[in-house]
Amino acid sequence: MQYRALGRTGVQVSSLALGAMNFGRIGRTTQEEATAIVDAALEGGVNVIDTADAYSAGESEELVGKAIAGRRDDIVLATKAYLPMGDERNHRGGSRRWLVTALDDSLRRLGVDHVDLYQVHRWDPATSDEETLSALTDLQRAGKIRYFGSSTFPAYRVVQAQWAAREHHLGRYVTEQPAYSILQRGIETHVLPVTEEYGLGVLAWSPLASGWLSGAIREGREVTTNRSAFMPQRFDTAVPSNRAKLDAVERLARVADEAGLTLIQLALGFVTAHPAVTSALIGPRTLDHLRSQLTAADTVLPADVLDAIDTIVPPGTDLAPDEKNDTPPSLLDPALRRR
């Protein structure tokens with residue numbers, strides 16, 4: 001396992017981090033299975049566990065909390081808030097009112113008195129940066145969080161938040177957590193240059209592109225992954241963007257074979273090769289998934305392999321731009337771009 005500084009914090013984190021989104025009902029993962037995954041990840045050198053309150057409506061945090069009991073100090077523990085937690089209109093977002101409540105709820109579910117990294121799961125257009133950063137700064141000063149970061153922010157919002165922190169003399173985001181994979185490289189155009197400029201640590205999620213780069217999705221095979229069961233539209237190969245992904249996967253599989261690598265090693269090695277990326281977040285649903293992903297812990301892709309990847313999916317290209325989670329609201333709602 002490789003270890004890297006988390007931005008400018010001085011905290012050393014593993015180049016592969018354990019994402020716990022599949023813990024609980026989303027991945028149908030039991031406590032016993034979640035604990036076994038955490039045990040194996042830690043044994044393999046992983047020292048970061050990332051979860052969120054919205055993952056299985058808090059169940060993921062509960063499973064993580066029980067799995068790390070007795071060894072919390074050896075783990076860089078991260079969670080998030082912003083996504084809806086129920087139908088109440090104020091149980092979501094980036095307001096001070098909600099973040100203070102959401103953090104207390106997360107600490108209770110995790111069974112800890114603080115988290116190392118607290119992340120705003122999405123940019124909240126209804127709340128000012130000053131309000132969100134002020135709340136996070138106070139929570140940090142209270143000792144409930146060590147650092148705070150953003151997740152899936154557009155580049156211009158990353159810059160705006162850094163400016164707001166300086167302007168109002170508040171703590172700043174020290175990390176960004178964007179989606180990044182061989183098939184979705186759009187953040188190379190704007191987000192990663194900005195994170196490098198401001199010295200943010202980058203925890204890249206979905207490095208296997210929701211399973212497209214796991215080796216389980218290939219030409220001529222029926223798609224039967226867990227993710228495809230509840231997001232079928234993203235795996236329907238009649239959709240042009242999905243067809244493009246499948247064509248790329250077939251070409252990438254040949255590159256991996258020629259390099260003596262699995263497709264997983266190729267995919268994770270690609271993400272961790274970028275100088276702006278601190279860690280790739282792997283989200284195994286089973287112990288076998290984890291083991292296959294940990295084989296990439298020391299994978300270093302040579303220049304000719306990286307060049308071959310660039311010819312298949314050019315730098316800065318998203319093969320499925322409609323699946324991006326950081327699209328400005330005005331591109332999604334026509335009313336916001338018309339007088």
# chains A, B, ... in the order shown; residues from 1 in each chain; ligands from 1
call {"tool": "residues_around", "arguments": {"residues": "Arg172 of chain A", "least_positions_apart": "6", "cutoff": "10 Å", "atoms": "only C-alpha atoms", "output": "PyMOL selection string"}}
result
chain A and resi 133-134+136-137+147-150+161-166+200
call {"tool": "residues_around", "arguments": {"residues": "segment 19-29 of chain A", "least_positions_apart": "5", "cutoff": "8 Å", "atoms": "only C-alpha atoms", "output": "MDAnalysis selection string"}}
result
chainID A and resid 34 49:52 55:56 59:60 63:64 226 281:286
call {"tool": "write_last_selection", "arguments": {"atoms": "N, CA and C atoms", "output": "short mmCIF file (atom, residue, chain, number, x, y, z; two decimals), in the first residue's frame"}}
result
data_model
loop_
_atom_site.label_atom_id
_atom_site.label_comp_id
_atom_site.auth_asym_id
_atom_site.auth_seq_id
_atom_site.Cartn_x
_atom_site.Cartn_y
_atom_site.Cartn_z
N ALA A 34 -19.82 -6.72 6.83
CA ALA A 34 -19.17 -5.41 6.89
C ALA A 34 -17.91 -5.46 7.77
N ILE A 49 -11.66 5.11 6.09
CA ILE A 49 -13.01 4.59 5.87
C ILE A 49 -13.93 5.77 5.67
N ASP A 50 -14.66 5.75 4.57
CA ASP A 50 -15.53 6.86 4.19
C ASP A 50 -16.98 6.38 4.10
N THR A 51 -17.87 7.06 4.80
CA THR A 51 -19.28 6.72 4.76
C THR A 51 -20.09 8.00 4.63
N ALA A 52 -21.39 7.93 4.87
CA ALA A 52 -22.26 9.11 4.81
C ALA A 52 -23.55 8.80 5.52
N TYR A 55 -26.25 6.97 3.34
CA TYR A 55 -26.06 5.60 2.86
C TYR A 55 -26.95 4.66 3.66
N SER A 56 -27.95 4.12 2.98
CA SER A 56 -28.94 3.23 3.62
C SER A 56 -29.56 3.88 4.85
N GLU A 59 -27.76 3.40 8.09
CA GLU A 59 -27.35 2.04 8.44
C GLU A 59 -25.87 1.82 8.19
N SER A 60 -25.34 2.41 7.13
CA SER A 60 -23.91 2.26 6.83
C SER A 60 -23.07 2.78 8.00
N LEU A 63 -23.12 0.28 10.87
CA LEU A 63 -22.29 -0.90 10.62
C LEU A 63 -20.81 -0.56 10.72
N VAL A 64 -20.42 0.60 10.19
CA VAL A 64 -19.02 1.02 10.29
C VAL A 64 -18.63 1.21 11.75
N ASN A 226 -25.06 -5.81 -8.96
CA ASN A 226 -25.99 -5.27 -7.97
C ASN A 226 -26.45 -3.87 -8.36
N LEU A 281 -11.37 5.71 -3.79
CA LEU A 281 -12.33 5.09 -2.88
C LEU A 281 -12.91 3.83 -3.52
N ILE A 282 -12.61 2.69 -2.92
CA ILE A 282 -13.18 1.44 -3.40
C ILE A 282 -14.40 1.12 -2.53
N GLY A 283 -15.44 0.58 -3.15
CA GLY A 283 -16.68 0.32 -2.42
C GLY A 283 -17.14 -1.11 -2.54
N PRO A 284 -16.37 -2.07 -2.02
CA PRO A 284 -16.71 -3.48 -2.18
C PRO A 284 -18.01 -3.85 -1.47
N ARG A 285 -18.75 -4.74 -2.11
CA ARG A 285 -19.98 -5.26 -1.51
C ARG A 285 -19.72 -6.59 -0.82
N THR A 286 -18.66 -7.28 -1.23
CA THR A 286 -18.31 -8.58 -0.65
C THR A 286 -16.82 -8.62 -0.37
#
call {"tool": "residues_around", "arguments": {"residues": "segment 230-233 of chain A", "least_positions_apart": "4", "cutoff": "12 Å", "atoms": "only C-alpha atoms", "output": "list in words"}}
result
Ile26, Gly27, Ser210, Gly211, Val223, Thr224, Thr225, Asn226, Thr237, Ala238, Val239, Pro240, Ser241, Asn242, Arg243, Ala320, Asp322 and Glu323 of chain A
call {"tool": "select_by_dssp", "arguments": {"residues": "segment 7-59 of chain A", "states": "strand (DSSP E or B)", "output": "list in words"}}
result
Gln12, Val13, Ser14, Leu16, Ala17, Leu18, Gly19, Gly24, Thr29, Val48, Ile49 and Asp50 of chain A
call {"tool": "select_by_dssp", "arguments": {"residues": "segment 239-275 of chain A", "states": "helix (DSSP H, G or I)", "output": "PyMOL selection string"}}
result
chain A and resi 240-258+263-273
call {"tool": "write_last_selection", "arguments": {"atoms": "N, CA, C and O atoms", "output": "compact mmCIF listing (two decimals), in the first residue's frame"}}
result
# COMPACT_ATOMS: atom_id res chain seq x y z
N PRO A 240 -26.81 5.14 -26.23
CA PRO A 240 -25.52 5.42 -26.88
C PRO A 240 -24.35 5.60 -25.91
O PRO A 240 -23.25 5.09 -26.17
N SER A 241 -24.55 6.31 -24.80
CA SER A 241 -23.44 6.51 -23.88
C SER A 241 -23.00 5.20 -23.24
O SER A 241 -21.80 4.98 -22.99
N ASN A 242 -23.95 4.31 -22.97
CA ASN A 242 -23.60 3.00 -22.41
C ASN A 242 -22.89 2.14 -23.44
O ASN A 242 -21.99 1.36 -23.11
N ARG A 243 -23.32 2.27 -24.70
CA ARG A 243 -22.64 1.54 -25.78
C ARG A 243 -21.19 2.00 -25.89
O ARG A 243 -20.26 1.19 -26.08
N ALA A 244 -20.99 3.31 -25.75
CA ALA A 244 -19.63 3.86 -25.82
C ALA A 244 -18.78 3.33 -24.66
O ALA A 244 -17.60 3.02 -24.83
N LYS A 245 -19.39 3.22 -23.49
CA LYS A 245 -18.66 2.69 -22.34
C LYS A 245 -18.27 1.23 -22.57
O LYS A 245 -17.14 0.83 -22.28
N LEU A 246 -19.21 0.44 -23.09
CA LEU A 246 -18.91 -0.97 -23.32
C LEU A 246 -17.81 -1.14 -24.36
O LEU A 246 -16.91 -1.98 -24.21
N ASP A 247 -17.86 -0.33 -25.43
CA ASP A 247 -16.81 -0.40 -26.44
C ASP A 247 -15.45 -0.05 -25.83
O ASP A 247 -14.44 -0.71 -26.12
N ALA A 248 -15.43 0.96 -24.97
CA ALA A 248 -14.18 1.34 -24.31
C ALA A 248 -13.69 0.24 -23.38
O ALA A 248 -12.48 -0.04 -23.32
N VAL A 249 -14.61 -0.38 -22.66
CA VAL A 249 -14.23 -1.46 -21.74
C VAL A 249 -13.55 -2.59 -22.50
O VAL A 249 -12.54 -3.15 -22.03
N GLU A 250 -14.08 -2.96 -23.65
CA GLU A 250 -13.48 -4.05 -24.42
C GLU A 250 -12.05 -3.69 -24.85
O GLU A 250 -11.14 -4.53 -24.78
N ARG A 251 -11.84 -2.47 -25.26
CA ARG A 251 -10.50 -2.04 -25.66
C ARG A 251 -9.57 -1.94 -24.45
O ARG A 251 -8.39 -2.32 -24.52
N LEU A 252 -10.10 -1.47 -23.34
CA LEU A 252 -9.29 -1.37 -22.12
C LEU A 252 -8.91 -2.75 -21.59
O LEU A 252 -7.81 -2.94 -21.06
N ALA A 253 -9.80 -3.71 -21.74
CA ALA A 253 -9.51 -5.08 -21.29
C ALA A 253 -8.32 -5.65 -22.06
O ALA A 253 -7.49 -6.37 -21.48
N ARG A 254 -8.23 -5.31 -23.33
CA ARG A 254 -7.08 -5.78 -24.12
C ARG A 254 -5.78 -5.12 -23.65
O ARG A 254 -4.73 -5.77 -23.59
N VAL A 255 -5.86 -3.85 -23.32
CA VAL A 255 -4.68 -3.14 -22.79
C VAL A 255 -4.23 -3.78 -21.48
O VAL A 255 -3.04 -4.02 -21.25
N ALA A 256 -5.21 -4.09 -20.62
CA ALA A 256 -4.88 -4.72 -19.34
C ALA A 256 -4.24 -6.08 -19.55
O ALA A 256 -3.22 -6.42 -18.91
N ASP A 257 -4.81 -6.89 -20.44
CA ASP A 257 -4.26 -8.22 -20.72
C ASP A 257 -2.82 -8.12 -21.20
O ASP A 257 -1.94 -8.88 -20.76
N GLU A 258 -2.56 -7.21 -22.11
CA GLU A 258 -1.21 -7.07 -22.66
C GLU A 258 -0.21 -6.60 -21.60
O GLU A 258 0.98 -6.91 -21.68
N LEU A 263 -8.47 -5.87 -15.18
CA LEU A 263 -9.12 -4.60 -15.52
C LEU A 263 -9.24 -3.72 -14.28
O LEU A 263 -9.11 -2.49 -14.35
N ILE A 264 -9.46 -4.34 -13.12
CA ILE A 264 -9.54 -3.58 -11.86
C ILE A 264 -8.20 -2.90 -11.57
O ILE A 264 -8.16 -1.73 -11.17
N GLN A 265 -7.10 -3.62 -11.72
CA GLN A 265 -5.78 -3.02 -11.48
C GLN A 265 -5.53 -1.86 -12.44
O GLN A 265 -4.98 -0.83 -12.05
N LEU A 266 -5.95 -2.03 -13.70
CA LEU A 266 -5.79 -0.96 -14.68
C LEU A 266 -6.59 0.27 -14.25
O LEU A 266 -6.07 1.40 -14.26
N ALA A 267 -7.84 0.04 -13.85
CA ALA A 267 -8.72 1.16 -13.50
C ALA A 267 -8.25 1.90 -12.25
O ALA A 267 -8.21 3.14 -12.23
N LEU A 268 -7.90 1.17 -11.21
CA LEU A 268 -7.47 1.81 -9.97
C LEU A 268 -6.07 2.41 -10.12
O LEU A 268 -5.79 3.49 -9.58
N GLY A 269 -5.22 1.73 -10.87
CA GLY A 269 -3.89 2.27 -11.12
C GLY A 269 -3.93 3.57 -11.90
O GLY A 269 -3.12 4.47 -11.68
N PHE A 270 -4.90 3.67 -12.81
CA PHE A 270 -5.08 4.91 -13.57
C PHE A 270 -5.46 6.06 -12.65
O PHE A 270 -4.88 7.15 -12.71
N VAL A 271 -6.44 5.85 -11.78
CA VAL A 271 -6.91 6.93 -10.91
C VAL A 271 -5.82 7.38 -9.95
O VAL A 271 -5.58 8.58 -9.77
N THR A 272 -5.13 6.44 -9.33
CA THR A 272 -4.11 6.81 -8.35
C THR A 272 -2.83 7.34 -9.01
O THR A 272 -1.96 7.87 -8.31
N ALA A 273 -2.72 7.23 -10.33
CA ALA A 273 -1.55 7.75 -11.03
C ALA A 273 -1.61 9.27 -11.19
O ALA A 273 -0.57 9.92 -11.36
call {"tool": "residues_around", "arguments": {"residues": "Asp138 of chain A", "least_positions_apart": "2", "cutoff": "12 Å", "atoms": "only C-alpha atoms", "output": "list in words"}}
result
Arg96, Leu99, Val100, Glu131, Thr132, Leu133, Ser134, Ala135, Leu136, Gln140, Arg141, Ala142, Gly143, Lys144, Ile145, Arg146, Tyr147, Phe148, Leu170, Gly171 and Arg172 of chain A
call {"tool": "residues_around", "arguments": {"residues": "Lys80 of chain A", "least_positions_apart": "2", "cutoff": "6 Å", "atoms": "only C-alpha atoms", "output": "list in words"}}
result
Ala52, Tyr118, Gln119, Val120 and His121 of chain A
call {"tool": "write_last_selection", "arguments": {"atoms": "all heavy atoms", "output": "CSV table (one decimal), in the first residue's frame"}}
result
chain,number,residue,atom,x,y,z
A,52,ALA,N,-21.4,7.9,4.9
A,52,ALA,CA,-22.3,9.1,4.8
A,52,ALA,C,-23.6,8.8,5.5
A,52,ALA,O,-24.0,7.6,5.6
A,52,ALA,CB,-22.5,9.5,3.4
A,118,TYR,N,-15.2,15.6,7.8
A,118,TYR,CA,-16.7,15.8,7.6
A,118,TYR,C,-16.9,16.5,6.3
A,118,TYR,O,-16.3,17.6,6.1
A,118,TYR,CB,-17.2,16.6,8.8
A,118,TYR,CG,-18.7,16.5,8.9
A,118,TYR,CD1,-19.4,15.3,8.9
A,118,TYR,CD2,-19.5,17.7,9.1
A,118,TYR,CE1,-20.8,15.2,9.0
A,118,TYR,CE2,-20.9,17.6,9.3
A,118,TYR,CZ,-21.5,16.4,9.2
A,118,TYR,OH,-22.9,16.3,9.4
A,119,GLN,N,-17.6,15.9,5.4
A,119,GLN,CA,-17.8,16.4,4.1
A,119,GLN,C,-19.2,16.9,3.7
A,119,GLN,O,-20.1,16.2,4.1
A,119,GLN,CB,-17.3,15.4,3.1
A,119,GLN,CG,-15.9,14.9,3.3
A,119,GLN,CD,-15.6,13.5,2.8
A,119,GLN,OE1,-15.1,13.3,1.7
A,119,GLN,NE2,-16.1,12.5,3.5
A,120,VAL,N,-19.3,18.0,3.0
A,120,VAL,CA,-20.6,18.4,2.5
A,120,VAL,C,-20.8,17.6,1.2
A,120,VAL,O,-20.1,17.8,0.2
A,120,VAL,CB,-20.6,19.9,2.3
A,120,VAL,CG1,-22.0,20.3,1.7
A,120,VAL,CG2,-20.3,20.6,3.6
A,121,HIS,N,-21.9,16.7,1.2
A,121,HIS,CA,-22.0,15.7,0.2
A,121,HIS,C,-22.3,16.3,-1.2
A,121,HIS,O,-21.9,15.7,-2.2
A,121,HIS,CB,-23.2,14.8,0.6
A,121,HIS,CG,-23.0,13.4,0.1
A,121,HIS,ND1,-23.5,12.4,0.8
A,121,HIS,CD2,-22.4,12.8,-0.9
A,121,HIS,CE1,-23.3,11.2,0.2
A,121,HIS,NE2,-22.6,11.5,-0.8
call {"tool": "residues_around", "arguments": {"residues": "Ala69 of chain A", "least_positions_apart": "4", "cutoff": "12 Å", "atoms": "only C-alpha atoms", "output": "ChimeraX atom specification"}}
result
/A:35,38-39,62-65,73-75,109-112
